[in-house]
Amino acid sequence: MSSFLLRRLGQAIVTVFGVATLIFFLQRLTGDPTLLLVPETATQADIDALRHALGFDRPLPVQYLSFLGEMARFDLGRSVVQNVPVATIIASRLPYTLELAAGALVVACGLGIPVGIALALFRNSAVAGALSGLVLAAQSMPTFWSGILLILVFAVTLGWLPPSSAGGLSHLIMPSLALGLLSMATFARVTRTALLDELGKDYVRTARARGVPTGRLIMRHLARNAAIPVITVAALEISNLLAGAVIVETVFAWPGLGQLTVQSILARDFPIVQGVVLLGSFVTIGLNLAADLLYSAVDPRIRLGQARS
C-alpha cells in the first residue's frame, strides 16, 4: 500500500507541475494585463512603470521560475487588479462554491442513484421508459440552458424563487438543480449498468431462488459489488461540478470561484486565474487518490492486487 501511495503522489506532483506550466504560458498569450489597468490618458512611461512594478517587464523564463518558486512555497501571489493576496480572495469565494457543489452533489446522487436502481430493477417497463426520458433530457441540456429555463419558469413566471445571487436555501435551489442535473444523468446510467451486470450473476439467481427479498439483496450484496464504478464516477463528477460552477455561477450571479474566474480572465488577472486552476487541479488529484483508496475498502480483491504489485 505504501508503494502504491508513493507512486500516486509522484504522479500527482508531475500532473500539478504540468497544469501550472500550461496555465502560466497560456495566460501570457492573451496579452499584457497592464494595458487594461492604466487609464486611456496614460503615457508610455506610465505603462512601462506599471509593467515594471508588476514584474511583467522581466524575461518570460525569469517570470516562470519565479512563479514556480512561489508555488513551491504555497504562495499564490497578489492580484494585479485588487492588490490583495490571491489566497485571501480565493478564501472569501470558496465557501460559496463549496455550498453550490454540495447542493449539486445532493441532487446528482439523491436522484441519480435511485433512478439508476429503478432503471435496472424495472427495465422494459413503463416506469423505466419514463425515467429514461428524464435521464435523456437531463443529459442533453447544457447547464447554461437549464439554468436559464429554471429562471424563466420558477423566478420570472411563477415567482417562487429568487433569480440570482446568494442567500438562504431558496437562492441555492435553482443553481444546484442546474449544476446537478447533468451529473444526475451520469450517476443514473452508471448505477443502472453496474446493477444490471450484477443481476446477471449466479449469486443473485441463487439468492432469489432462496427467497431473499429484493431490498435486502440490494443492500447486502448488490450495492457493495456495484459500488466500484459509482465511486469512480463520483470522483470525476465532483471535479466536473467544480468546473461546471464557472457557467452556473455566471448565469445565477453566484459569488463563488466560477464567477471570480470569469472576471479574472476578462481582466487578465493572471495570479487569480493561476490560483483557481491550481486549486482545481489539487482537488481533482485528491479526489482520484481518495477514490483509489476507497476501492480497496469496498473490494478486498483490489487491496490484494495492490499488495501483490
# chains A, B, ... in the order shown; residues from 1 in each chain; ligands from 1
>>> residues_around(residues="Ile113 of chain A", least_positions_apart="4", cutoff="7 Å", atoms="only C-alpha atoms", output="VMD selection string")
chain A and resid 109 117 187 to 188 191
>>> write_last_selection(atoms="N, CA and C atoms", output="CSV table (one decimal), in the first residue's frame")
chain,number,residue,atom,x,y,z
A,109,CYS,N,-26.6,12.7,-6.7
A,109,CYS,CA,-26.6,11.4,-6.0
A,109,CYS,C,-28.0,11.1,-5.5
A,117,ILE,N,-31.1,2.6,-9.9
A,117,ILE,CA,-31.6,1.4,-9.4
A,117,ILE,C,-32.9,1.0,-10.0
A,187,PHE,N,-24.8,9.5,-13.0
A,187,PHE,CA,-24.9,8.6,-11.9
A,187,PHE,C,-26.0,7.5,-12.2
A,188,ALA,N,-27.1,8.0,-12.8
A,188,ALA,CA,-28.2,7.0,-13.1
A,188,ALA,C,-27.7,6.0,-14.1
A,191,THR,N,-25.0,3.6,-12.5
A,191,THR,CA,-25.7,2.7,-11.5
A,191,THR,C,-26.5,1.7,-12.2
>>> residues_around(residues="Met141 of chain A", least_positions_apart="5", cutoff="9 Å", atoms="only C-alpha atoms", output="PyMOL selection string")
chain A and resi 136+146+181-182
>>> write_last_selection(atoms="N, CA, C and O atoms", output="short mmCIF file (atom, residue, chain, number, x, y, z; two decimals), in the first residue's frame")
data_model
loop_
_atom_site.label_atom_id
_atom_site.label_comp_id
_atom_site.auth_asym_id
_atom_site.auth_seq_id
_atom_site.Cartn_x
_atom_site.Cartn_y
_atom_site.Cartn_z
N LEU A 136 -32.42 11.20 -20.21
CA LEU A 136 -32.00 11.72 -21.52
C LEU A 136 -32.14 13.24 -21.57
O LEU A 136 -31.25 13.94 -22.09
N SER A 146 -30.26 24.96 -19.02
CA SER A 146 -31.16 24.55 -17.94
C SER A 146 -31.27 25.65 -16.89
O SER A 146 -32.34 25.86 -16.30
N LEU A 181 -28.12 18.37 -12.48
CA LEU A 181 -28.93 17.51 -13.35
C LEU A 181 -28.06 16.70 -14.32
O LEU A 181 -28.32 15.52 -14.58
N LEU A 182 -27.03 17.33 -14.88
CA LEU A 182 -26.17 16.60 -15.81
C LEU A 182 -25.44 15.47 -15.12
O LEU A 182 -25.35 14.36 -15.65
#
>>> residues_around(residues="segment 12-22 of chain A", least_positions_apart="4", cutoff="10 Å", atoms="only C-alpha atoms", output="list in words")
Leu6, Arg7, Arg8, Leu26, Gln27, Tyr64, Phe67, Leu68, Met71, Gln274, Gly275, Val277, Leu278, Leu279, Gly280, Ser281, Phe282, Thr284, Ile285, Gly286, Asn288 and Leu289 of chain A
>>> atom_distance(atom1="atom CA of Ala108 of chain A", atom2="atom CA of Leu177 of chain A")
8.5 Å
>>> atom_distance(atom1="atom CA of Val80 of chain A", atom2="atom CA of Leu241 of chain A")
28.0 Å
